[in-house]
Structures are given as structure tokens and as C-alpha cells.
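Everything below concerns the one structure shown next.
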2 protein chains.
Amino acid sequence: MTDEHREKPTIYTIAKLAGVSHTTVSRALNGHPKVSAAQRRKIEAIATRLGYAGPNRHAIALRTKRSQMVGVLLMDLVNPYNSELAREIESELRTYGFTCMVSSCDGDGREAQDIAHLFVDAGVDAVITNVAEPLAALETEHAPPAVLVSDARIEGFAASVHINVFEGTYQAVSHLIEMGHRRIAHLGAGAHGERYRAYAQAMRDAGLQEELWAYGDRAWRREALQERVEAIVRERLQDRRSLPTAIVAHDDFMALSVLQIAREAGLSVPQDLSILGHDDTLVTQLVTPRLSSISIPIKRIGRAAARLALRLSGVEIDHPGEPTGKPGAGLDHWEFSAVPTWRESTAPPRPAH
Amino acid sequence: MTDEHREKPTIYTIAKLAGVSHTTVSRALNGHPKVSAAQRRKIEAIATRLGYAGPNRHAIALRTKRSQMVGVLLMDLVNPYNSELAREIESELRTYGFTCMVSSCDGDGREAQDIAHLFVDAGVDAVITNVAEPLAALETEHAPPAVLVSDARIEGFAASVHINVFEGTYQAVSHLIEMGHRRIAHLGAGAHGERYRAYAQAMRDAGLQEELWAYGDRAWRREALQERVEAIVRERLQDRRSLPTAIVAHDDFMALSVLQIAREAGLSVPQDLSILGHDDTLVTQLVTPRLSSISIPIKRIGRAAARLALRLSGVEIDHPGEPTGKPGAGLDHWEFSAVPTWRESTAPPRPAH
DNA sequence: CTGTTAGCGCTTTCAA
DNA sequence: TTGAAAGCGCTAACAG
């Protein structure tokens, strides 16, 4: 029994043992049609015997300029929305033999740039991102194509998964109003973004006044941002005589902060204050009361994003958004929409005293 | 102005323009000492002008057999412990120019194997893992070295970050007992694992009886597991006449389920039931009452793991566990320990009626 | 200090 | 149906 395990086997190792050229081995292993069945069998046998792990990806990448890797740049891995998304993306990519590098920039624009550069450097075939900032870094020549996953419509990306939150949010806020709420505040970065716009529209259409609790757009690291949001909410909740009866938060994570502070302030939810989140992540069900939230199909969004990235990488994927996405302009832009899910954190306001 | 941007520049492109050999370019760009300052300056200038993105990683990998990538295999990205860990690992690796591929196997052993294979296939320099299963897949020859991050002591890994939870847990449970608790249940997979052992020891040392609420070891996908845990807890909490006064959960995520179900069952926490989690993830502070938990220094653990992986990849890192880790056997095994953090979900039991 | 050469493992013409 | 040869972009001897 000769010791053939000394070095990692390559197609040359196999070729030598099979008495053929490495080209034939390559062809046989790649299912190329023009190899005799006999050769193929023999070669495959030897490959297995040697424990050949498949062709070296770096060699392939060097030769074909395709790395089979995609970069995923997220805002903040700790926000459950992002981790759920990452999970789906990774899993979908893996079924196609693709590998992915997930990075979070933690709200820091400079870091986003760094990551984008690292991705380019690493030679990813495509990038999927949640944050519009790296666009600039990705606009240079020779940069991989990118797919944007966002509720904002931002031009310039090769592909996109647009999460249409407008209608769902509009509908949700309208429903809150129907329930009897008159003062509904929105906790968000500022007076922009689809989430705010939809809220504002619904309020205006009902003749009510918008009320923005803004924490600003500055790039905060997650911890800092959270502290800031908490401070703001705490302060607003201070004035017991002038409280909204409902709050719509930019995402579930912020909604949790509100919930937490409200109770700390002795307010009961939903009796004294209704709280509505966005994204409908798993945490909604882990708190009491369970959080009402505007749902988006995270799994499908993640899978669609992955498929788009795959398409951009040259893999043939016919229906990137299946089964439930709606194609946008061309096969490279898909749209998913939001629907409110009512749970226990929302209820009609206490009748005015 | 000649159009030099047609193709992605390589060291050859630069060499031609600078009138030197590509080797010199390589040396200049790598900070090799033996290049004249003049050349270096000229070469660097040209490189910037061309927008040279740095050497092609695949070429380097092919040549040096070092990919500068590490694979990170986690149990479940959605559990905040894992996402916090992933974030730190990624961030630390990135500062060394390393890239990482994060995958979660979602509690599925077969998937863990697949991922391990994918990592090998992709040619990672090292892998960091949370789950012992892939060890088998990684034991073949030519497999990258792995670092295990766990509270269990499992042999066979090239490096490890051992999270010593025994003392912290023992101490926490003892404290619960000092508070007056007599019936303390442990919610976990089964009667094994450090977390259980420490709990059991503390109970026995106090002459109290252990009480295990086990959900079993089978590999459940996260959602399924959570449902199962909820069912178990719900059932146990049914019998109002015979309730423990405190529950120690295997991790914060489970503790949240308990909290949730307890309140659903009309139990108030901590008056009727104290709840103690493990890991001290960010969510502990996002619920009411804030969750007491046995803290481990996740950030330092993540960074230590990353550094160990770096070491295994041939990067010179002298103090992988700095600043607070304790070296284990050799520089490749570090240990961090747990300390209870008391918040609002724990209190002395209601005085017996 | 600089250049020449070889080769990492693979795919892909081009011939046979 | 098979093989020979070239070359992807880079680093690392080895000469000069």
C-alpha cells in the first residue's frame, strides 16, 4: 500500500495514477461530455480513493475570474433583522456551492467603506448590502456588482430587492387611528425614509398631526445609538400629562426599548401606550406583551437577494424572487411588501377620562 | 492621456509603466527592504494612479497556500450570543486583513458537516467553531486547524477558548439559595454540560434536590427547538401548587421564553418566580424585568478566538487572549470565566404563606 | 538593489 | 476522444 496521502492531491496526482493527462482528469471530473466512460470511471475511482477534495477554488478563481464568493455587508449583525437575513442568504448561497463573507459595519460609514474594499480585494463575485453607503466604494471600475436590499429606492445598484413598506405601514397606522388613537408618535432617525413617509401620510390623511421622535442620522455604533434612543424616549415619556397613546418605532429593536422604558416609567402596554414595531423579527414573540409589528417576509427576501447575487455572478437563476416576490424592472429587481401583524402590544387607547 | 483603465491592473501593468520587472513591483509594494526609495516612490505613484487594488488574493493563495480566510461555524446566528460572537470575530479578523465566512448550521449535524466541507473546499486557513460536531469532518488529513469556543472541554482541536462557567454558575446558584430559594429548576438539554453540572453541584452542596427540565439533545432546528422548550415550560408551569421559585436557563434566549410564559401564566417575575439566564447577551437589557444572567466576556472571547485562528494561520500573534484571558496549556488554549450579573429578574422568593 | 525563472492548480484553446 | 501548451497573478529562490 503506497502512501499517496502525503500531499493534498491535485488533478495531476490523479492523472499520473490513471495514466492520463491532467486535462482528461479535469474534463472527467467536470462532467465534460467527451470522455470515455471507462476513463471517467477509473478517474473517479482514483479521485475518491485519494480523497480528492475537488478542484482548488483559488486556481479556478485565478483562471476563470470567478471566486464563487459573495460579500454580505450588513448594518449590524446584532439586530435580529440582519441576522435572520444573513442566515437565509448564507444558506441559499451554500446550496449553490457559493460561500459568503458576512460583515457588519456597525453603523459606521468608514467601516462600511473598508469592508467594501476588503470585498473587492478578496475578489467576491457580487455583494449584497443593506446599507447604501458602500455604493460609492463599489462604483469604481472593476468592482463587483451589488444587490441592495432596502425599503428605500436607491439607484445605481446592479440588482435590488425592494421592500415596499409603504402600504403596509400606511395601513397599520390607519388601523391604529381607527382604533381611536389620535396622538401617534414615530420613533425614527428623521423625517425621511419610507417608514416615516407612510406614517406621516396616514396621519395627514386622517387630519392628525405627525409627531416625530428623532434620534438623528449620525452614524452611531449600535450601543451608542441604543443609549441615545433610550435617553430620548425616557425624556419624552417623562411628561405624563402629554403623552401619545401609540408609538410606531423604526424597527422591532427600537420598539423593545420603548416597551422597556414605558414599563420602567410605570406605563402599561398596551393600555396606556400602544407600541408597533417594524420587520417582525423573532424577538416580537419573546417579550410580554408580544409585539405587534409590520411584517416583511425576511426569509424570502434573503433568498431572493442571494439568488440575485448568484445571477450577477453568472449562475443561471431564472426566478430569483420566487415564489412570492414581484418582479420589478427586469429580472434583477424584485419587490416584496409588508403587512401588519397585530399582537398584544397594541390596543385601542384608554377612553379619555 | 492613455487609457490605462481597460483591464484590472496587475503588478505587470505597473512594471511595464515603471520600466522595471514585476518582481521589483511586488517587492516595493510589499515593503520589502531591498528596493531603492526612488523606485518605491515611483512604483507606488503608478499603482495609485492605476487604482491598483492590491495583489490578487487568489494568486497569493495559490502560490503561498494561505488564503487569509477563516471559516466560522456557529450553531445558530439568530441567538444573540452567536451573533455577538460573530461580530467580534469578524471585526478582529478584518483588522488583520483577514476575511471570514460565517455559517450557521441551525442545530443540524449534517449541515454542520456540509459547512465544514465547504470550508475545506474553499481553502480556509483555519476554522473557528462553536459546535463540536464538525470535528470529525475536520479530522481528515489536509483539513485546516480549528479553534473551539465552548464551555465544554473537548480534545482534538488545535486551539481553544474555554469558557469556564462552572464557578460563576456555582456561585450564582449558591446565591439564589442564600436568598432563600429551595426549589430551583434547571432548563437545559439534559443532565450534562458544565452549566448543568455547576448548578447540580451547588444544589447538592446545599442539600437541595436538583430538578431538571430537559428538552433533550436531538438536533432541532431553532424554531422547532423553541417551540419544544415553550411547550415544556408551559406544561411545567401549569401545576400552580408545585412550582419552583427559581429557574436557571441554559441561555438568555431560553430564559426569555421562560419569562414570557411565566407572565402568560399569570406569574410575576421575580416575585413568584426568579429567572436566571446564561451568557448575558444584549437582550437581557431589552426586557422587563431586566434579566439576571451569568456573564461571559463575549467580546474578549470573540477576539481571542479570532487571534487564535490568526495564529493557526501563521500570523504572529503573541498574546491571543489579551488583555484578560488566562492562558491554558500553551499559547493556544485560553480560558475566560463567568460571573453572575444580578438584575431584576431575580429576587428572594415570596415568604412561604 | 534588481531581474530571471519557475510554478502554485486549474481551464481552455488548439492540434492530433 | 485525448493531449500539449499557455497563462490566470503572484511569490520565492537564485543569480547577477
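Following the order of the C-alpha cells, chains are lettered A, B, ..., residues in each are numbered from 1, and ligands are numbered from 1.
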Using only C-alpha atoms (C1' of nucleotides), tabulate the residues of chain B lying at most 7 Å from any atom of chain C, each with its closest atom pair and that distance in Å to one decimal, by chain and increasing residue number, as a tab-separated table.
residue	atom	partner	partner_atom	distance
B:Ser21	CA	C:DG3	C1'	6.4
B:Thr24	CA	C:DT2	C1'	6.9
B:Lys34	CA	C:DC1	C1'	5.9
B:Val35	CA	C:DC1	C1'	6.0
B:Ser36	CA	C:DC1	C1'	6.8
B:Leu62	CA	C:DC8	C1'	4.9
B:Arg63	CA	C:DC8	C1'	4.4
May I have the residues within 8 Å of region 149-156 of chain B as a PDB file with N, CA, C and O atoms, in the first residue's frame, using only C-alpha atoms (C1' of nucleotides) and disregarding those fewer than 6 positions away in the same chain?
ATOM      1  N   ILE B 128     -13.109  28.498  13.089  1.00  0.00           N
ATOM      2  CA  ILE B 128     -13.495  28.753  14.467  1.00  0.00           C
ATOM      3  C   ILE B 128     -14.876  28.161  14.608  1.00  0.00           C
ATOM      4  O   ILE B 128     -15.732  28.403  13.772  1.00  0.00           O
ATOM      5  N   THR B 129     -15.071  27.383  15.640  1.00  0.00           N
ATOM      6  CA  THR B 129     -16.407  26.834  15.785  1.00  0.00           C
ATOM      7  C   THR B 129     -16.875  26.745  17.211  1.00  0.00           C
ATOM      8  O   THR B 129     -16.097  26.698  18.168  1.00  0.00           O
ATOM      9  N   ASN B 130     -18.158  26.689  17.278  1.00  0.00           N
ATOM     10  CA  ASN B 130     -18.919  26.728  18.477  1.00  0.00           C
ATOM     11  C   ASN B 130     -19.486  25.365  18.784  1.00  0.00           C
ATOM     12  O   ASN B 130     -19.933  25.084  19.861  1.00  0.00           O
ATOM     13  N   VAL B 131     -19.488  24.553  17.763  1.00  0.00           N
ATOM     14  CA  VAL B 131     -20.168  23.281  17.841  1.00  0.00           C
ATOM     15  C   VAL B 131     -19.142  22.196  17.560  1.00  0.00           C
ATOM     16  O   VAL B 131     -18.360  22.286  16.621  1.00  0.00           O
ATOM     17  N   ALA B 132     -19.140  21.198  18.428  1.00  0.00           N
ATOM     18  CA  ALA B 132     -18.091  20.193  18.370  1.00  0.00           C
ATOM     19  C   ALA B 132     -18.222  19.256  17.182  1.00  0.00           C
ATOM     20  O   ALA B 132     -17.248  18.667  16.733  1.00  0.00           O
ATOM     21  N   LEU B 135     -15.871  18.477  14.115  1.00  0.00           N
ATOM     22  CA  LEU B 135     -14.544  17.959  14.384  1.00  0.00           C
ATOM     23  C   LEU B 135     -14.237  16.780  13.484  1.00  0.00           C
ATOM     24  O   LEU B 135     -13.185  16.710  12.853  1.00  0.00           O
ATOM     25  N   HIS B 162     -11.661  28.312  26.116  1.00  0.00           N
ATOM     26  CA  HIS B 162     -12.542  27.620  27.046  1.00  0.00           C
ATOM     27  C   HIS B 162     -13.255  28.640  27.913  1.00  0.00           C
ATOM     28  O   HIS B 162     -12.637  29.502  28.536  1.00  0.00           O
ATOM     29  N   ILE B 163     -14.568  28.540  27.926  1.00  0.00           N
ATOM     30  CA  ILE B 163     -15.338  29.440  28.761  1.00  0.00           C
ATOM     31  C   ILE B 163     -15.669  28.691  30.038  1.00  0.00           C
ATOM     32  O   ILE B 163     -16.494  27.779  30.034  1.00  0.00           O
ATOM     33  N   ASN B 164     -15.008  29.080  31.081  1.00  0.00           N
ATOM     34  CA  ASN B 164     -15.202  28.388  32.339  1.00  0.00           C
ATOM     35  C   ASN B 164     -16.434  28.942  33.046  1.00  0.00           C
ATOM     36  O   ASN B 164     -16.377  29.972  33.701  1.00  0.00           O
ATOM     37  N   VAL B 165     -17.529  28.236  32.902  1.00  0.00           N
ATOM     38  CA  VAL B 165     -18.760  28.727  33.516  1.00  0.00           C
ATOM     39  C   VAL B 165     -19.023  28.098  34.872  1.00  0.00           C
ATOM     40  O   VAL B 165     -19.921  28.521  35.591  1.00  0.00           O
ATOM     41  N   GLY B 193     -23.139  18.667  30.635  1.00  0.00           N
ATOM     42  CA  GLY B 193     -22.726  20.020  30.280  1.00  0.00           C
ATOM     43  C   GLY B 193     -22.347  20.765  31.549  1.00  0.00           C
ATOM     44  O   GLY B 193     -22.878  20.515  32.637  1.00  0.00           O
ATOM     45  N   GLU B 194     -21.419  21.657  31.421  1.00  0.00           N
ATOM     46  CA  GLU B 194     -20.908  22.409  32.559  1.00  0.00           C
ATOM     47  C   GLU B 194     -21.998  23.192  33.270  1.00  0.00           C
ATOM     48  O   GLU B 194     -22.011  23.315  34.480  1.00  0.00           O
ATOM     49  N   ILE B 301     -13.905  37.033  24.260  1.00  0.00           N
ATOM     50  CA  ILE B 301     -13.867  35.656  23.790  1.00  0.00           C
ATOM     51  C   ILE B 301     -13.769  35.630  22.272  1.00  0.00           C
ATOM     52  O   ILE B 301     -12.943  34.916  21.692  1.00  0.00           O
ATOM     53  N   ALA B 305     -10.667  34.226  20.124  1.00  0.00           N
ATOM     54  CA  ALA B 305     -10.852  33.162  19.136  1.00  0.00           C
ATOM     55  C   ALA B 305     -10.260  33.590  17.796  1.00  0.00           C
ATOM     56  O   ALA B 305      -9.561  32.819  17.130  1.00  0.00           O
TER      57      ALA B 305
END
Inset, instruction - Please determine the contact residues of chain B with respect to chain D at a cut-off of 9 Å, counting only C-alpha atoms (C1' of nucleotides), and supply them as an MDAnalysis selection string. - result: chainID B and resid 10:12 23 26 55:64
Restricted to N, CA, C and O atoms, what would the selected residues look like written as a compact mmCIF listing (two decimals), in the first residue's frame?
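Produced file selection_26.txt, reproduced below:
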# COMPACT_ATOMS: atom_id res chain seq x y z
N THR B 10 -2.36 44.78 -12.84
CA THR B 10 -1.64 43.77 -12.07
C THR B 10 -0.23 44.33 -11.86
O THR B 10 0.10 45.41 -12.35
N ILE B 11 0.57 43.60 -11.16
CA ILE B 11 1.93 44.09 -10.97
C ILE B 11 2.66 44.19 -12.31
O ILE B 11 3.57 44.98 -12.47
N TYR B 12 2.23 43.45 -13.31
CA TYR B 12 2.86 43.52 -14.62
C TYR B 12 2.54 44.85 -15.29
O TYR B 12 3.41 45.49 -15.89
N THR B 23 8.81 41.67 -10.44
CA THR B 23 9.33 41.29 -9.12
C THR B 23 9.60 42.53 -8.27
O THR B 23 9.27 42.58 -7.09
N SER B 26 6.45 43.85 -7.00
CA SER B 26 5.98 43.04 -5.89
C SER B 26 6.72 43.43 -4.62
O SER B 26 6.12 43.70 -3.58
N PRO B 55 -2.58 43.13 -4.41
CA PRO B 55 -2.34 41.87 -5.08
C PRO B 55 -3.57 40.98 -5.07
O PRO B 55 -4.36 41.01 -4.14
N ASN B 56 -3.72 40.23 -6.08
CA ASN B 56 -4.83 39.30 -6.21
C ASN B 56 -4.72 38.17 -5.17
O ASN B 56 -3.75 37.43 -5.14
N ARG B 57 -5.73 38.10 -4.36
CA ARG B 57 -5.66 37.13 -3.27
C ARG B 57 -5.64 35.69 -3.73
O ARG B 57 -5.10 34.81 -3.06
N HIS B 58 -6.29 35.45 -4.82
CA HIS B 58 -6.32 34.06 -5.28
C HIS B 58 -4.94 33.63 -5.76
O HIS B 58 -4.51 32.51 -5.52
N ALA B 59 -4.28 34.55 -6.41
CA ALA B 59 -2.93 34.24 -6.87
C ALA B 59 -2.04 33.97 -5.66
O ALA B 59 -1.28 33.00 -5.63
N ILE B 60 -2.16 34.84 -4.68
CA ILE B 60 -1.36 34.64 -3.48
C ILE B 60 -1.69 33.31 -2.82
O ILE B 60 -0.79 32.55 -2.43
N ALA B 61 -2.97 33.03 -2.73
CA ALA B 61 -3.38 31.79 -2.08
C ALA B 61 -2.81 30.60 -2.84
O ALA B 61 -2.34 29.63 -2.24
N LEU B 62 -2.86 30.69 -4.13
CA LEU B 62 -2.38 29.59 -4.94
C LEU B 62 -0.89 29.40 -4.71
O LEU B 62 -0.39 28.29 -4.55
N ARG B 63 -0.21 30.50 -4.68
CA ARG B 63 1.23 30.47 -4.55
C ARG B 63 1.69 30.09 -3.15
O ARG B 63 2.53 29.24 -2.95
N THR B 64 1.09 30.73 -2.17
CA THR B 64 1.59 30.56 -0.80
C THR B 64 0.80 29.53 0.02
O THR B 64 1.17 29.23 1.14
Inset, instruction - May I ask you to extract the residues of chain B within 7 Å of chain A, using only C-alpha atoms, and to give them as a ChimeraX atom specification? - result: /B:8,53-54,57-59,61-62,77-78,80,83-84,87,90,99-104,121-122,142,256-257,260,286-288
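We find CA of Ala185 (chain A) and CA of Thr245 (chain A) to be spaced 8.2 Å apart.
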Inset, instruction - Run DSSP on the backbone of this structure and report the residues of region 14-219 of chain A it assigns to strand (DSSP E or B), as a count of residues only. - result: 35
Which of region 124-232 of chain B fall in helix (DSSP H, G or I), as a compact mmCIF listing (two decimals) with N, CA, C and O atoms, in the first residue's frame:
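Result file result-v2.txt:
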# COMPACT_ATOMS: atom_id res chain seq x y z
N LEU B 135 -15.87 18.48 14.11
CA LEU B 135 -14.54 17.96 14.38
C LEU B 135 -14.24 16.78 13.48
O LEU B 135 -13.18 16.71 12.85
N ALA B 136 -15.19 15.87 13.41
CA ALA B 136 -14.99 14.68 12.59
C ALA B 136 -14.64 15.08 11.16
O ALA B 136 -13.65 14.61 10.60
N ALA B 137 -15.42 15.95 10.61
CA ALA B 137 -15.20 16.36 9.23
C ALA B 137 -13.85 17.03 9.08
O ALA B 137 -13.25 17.06 8.01
N LEU B 138 -13.39 17.60 10.16
CA LEU B 138 -12.16 18.36 10.11
C LEU B 138 -10.94 17.50 10.45
O LEU B 138 -9.81 17.99 10.42
N PHE B 166 -18.22 27.10 35.20
CA PHE B 166 -18.54 26.36 36.42
C PHE B 166 -18.63 27.23 37.66
O PHE B 166 -19.64 27.30 38.33
N GLU B 167 -17.54 27.91 37.93
CA GLU B 167 -17.54 28.69 39.16
C GLU B 167 -18.60 29.77 39.20
O GLU B 167 -19.29 29.96 40.19
N GLY B 168 -18.73 30.49 38.09
CA GLY B 168 -19.72 31.56 38.04
C GLY B 168 -21.12 31.01 38.28
O GLY B 168 -21.93 31.61 39.01
N THR B 169 -21.39 29.88 37.66
CA THR B 169 -22.71 29.31 37.80
C THR B 169 -22.93 28.77 39.21
O THR B 169 -23.98 28.99 39.82
N TYR B 170 -21.91 28.12 39.69
CA TYR B 170 -22.00 27.58 41.06
C TYR B 170 -22.31 28.71 42.03
O TYR B 170 -23.21 28.64 42.87
N GLN B 171 -21.58 29.74 41.88
CA GLN B 171 -21.72 30.91 42.73
C GLN B 171 -23.11 31.53 42.60
O GLN B 171 -23.75 31.89 43.59
N ALA B 172 -23.59 31.60 41.37
CA ALA B 172 -24.90 32.20 41.13
C ALA B 172 -25.99 31.37 41.78
O ALA B 172 -26.88 31.90 42.47
N VAL B 173 -25.92 30.07 41.58
CA VAL B 173 -26.95 29.21 42.15
C VAL B 173 -26.87 29.27 43.68
O VAL B 173 -27.89 29.34 44.36
N SER B 174 -25.66 29.28 44.20
CA SER B 174 -25.50 29.36 45.65
C SER B 174 -26.13 30.65 46.17
O SER B 174 -26.78 30.67 47.21
N HIS B 175 -25.94 31.69 45.42
CA HIS B 175 -26.51 32.97 45.84
C HIS B 175 -28.04 32.90 45.86
O HIS B 175 -28.69 33.41 46.77
N LEU B 176 -28.59 32.26 44.85
CA LEU B 176 -30.03 32.07 44.80
C LEU B 176 -30.50 31.34 46.05
O LEU B 176 -31.51 31.67 46.67
N ILE B 177 -29.70 30.35 46.42
CA ILE B 177 -30.05 29.56 47.60
C ILE B 177 -29.97 30.42 48.86
O ILE B 177 -30.86 30.41 49.71
N GLU B 178 -28.93 31.19 48.95
CA GLU B 178 -28.79 32.11 50.09
C GLU B 178 -29.97 33.06 50.19
O GLU B 178 -30.39 33.46 51.27
N MET B 179 -30.48 33.45 49.02
CA MET B 179 -31.63 34.34 49.00
C MET B 179 -32.85 33.68 49.62
O MET B 179 -33.83 34.35 49.95
N GLU B 194 -21.42 21.66 31.42
CA GLU B 194 -20.91 22.41 32.56
C GLU B 194 -22.00 23.19 33.27
O GLU B 194 -22.01 23.31 34.48
N ARG B 195 -22.88 23.74 32.47
CA ARG B 195 -23.90 24.59 33.09
C ARG B 195 -24.78 23.79 34.04
O ARG B 195 -25.10 24.23 35.13
N TYR B 196 -25.12 22.61 33.60
CA TYR B 196 -25.91 21.78 34.48
C TYR B 196 -25.08 21.29 35.66
O TYR B 196 -25.51 21.33 36.80
N ARG B 197 -23.90 20.85 35.37
CA ARG B 197 -23.05 20.29 36.43
C ARG B 197 -22.83 21.27 37.56
O ARG B 197 -22.91 20.93 38.73
N ALA B 198 -22.58 22.51 37.19
CA ALA B 198 -22.33 23.51 38.21
C ALA B 198 -23.58 23.75 39.06
O ALA B 198 -23.53 23.84 40.29
N TYR B 199 -24.69 23.82 38.36
CA TYR B 199 -25.97 24.01 39.06
C TYR B 199 -26.21 22.86 40.03
O TYR B 199 -26.52 23.05 41.21
N ALA B 200 -26.02 21.65 39.50
CA ALA B 200 -26.30 20.46 40.29
C ALA B 200 -25.40 20.41 41.52
O ALA B 200 -25.84 20.12 42.64
N GLN B 201 -24.16 20.74 41.30
CA GLN B 201 -23.20 20.73 42.41
C GLN B 201 -23.62 21.69 43.52
O GLN B 201 -23.63 21.35 44.70
N ALA B 202 -24.00 22.88 43.10
CA ALA B 202 -24.40 23.88 44.10
C ALA B 202 -25.62 23.41 44.87
O ALA B 202 -25.73 23.58 46.09
N MET B 203 -26.55 22.80 44.15
CA MET B 203 -27.76 22.31 44.81
C MET B 203 -27.39 21.23 45.82
O MET B 203 -27.79 21.28 46.97
N ARG B 204 -26.62 20.28 45.36
CA ARG B 204 -26.25 19.17 46.24
C ARG B 204 -25.48 19.66 47.46
O ARG B 204 -25.77 19.27 48.58
N ASP B 205 -24.56 20.57 47.21
CA ASP B 205 -23.76 21.07 48.32
C ASP B 205 -24.62 21.76 49.37
O ASP B 205 -24.23 21.92 50.52
N ARG B 222 -33.78 25.69 14.97
CA ARG B 222 -34.08 26.65 16.01
C ARG B 222 -35.56 26.82 16.32
O ARG B 222 -35.98 26.74 17.46
N GLU B 223 -36.35 27.02 15.30
CA GLU B 223 -37.77 27.25 15.54
C GLU B 223 -38.40 26.07 16.28
O GLU B 223 -39.17 26.24 17.22
N ALA B 224 -38.06 24.89 15.81
CA ALA B 224 -38.62 23.69 16.41
C ALA B 224 -38.20 23.59 17.87
O ALA B 224 -39.01 23.31 18.75
N LEU B 225 -36.93 23.87 18.11
CA LEU B 225 -36.43 23.79 19.47
C LEU B 225 -37.20 24.74 20.38
O LEU B 225 -37.63 24.41 21.47
N GLN B 226 -37.37 25.95 19.86
CA GLN B 226 -38.03 26.93 20.69
C GLN B 226 -39.46 26.51 21.03
O GLN B 226 -39.91 26.61 22.16
N GLU B 227 -40.13 25.98 20.05
CA GLU B 227 -41.49 25.51 20.30
C GLU B 227 -41.49 24.44 21.36
O GLU B 227 -42.33 24.43 22.25
N ARG B 228 -40.54 23.56 21.23
CA ARG B 228 -40.47 22.45 22.17
C ARG B 228 -40.22 22.97 23.59
O ARG B 228 -40.89 22.58 24.55
N VAL B 229 -39.29 23.88 23.70
CA VAL B 229 -38.98 24.43 25.01
C VAL B 229 -40.21 25.11 25.58
O VAL B 229 -40.56 24.93 26.75
N GLU B 230 -40.87 25.86 24.74
CA GLU B 230 -42.05 26.56 25.23
C GLU B 230 -43.09 25.58 25.73
O GLU B 230 -43.72 25.80 26.78
N ALA B 231 -43.28 24.51 24.99
CA ALA B 231 -44.27 23.52 25.40
C ALA B 231 -43.91 22.95 26.77
O ALA B 231 -44.76 22.84 27.67
N ILE B 232 -42.64 22.61 26.92
CA ILE B 232 -42.21 22.04 28.19
C ILE B 232 -42.41 22.99 29.34
O ILE B 232 -42.99 22.66 30.37
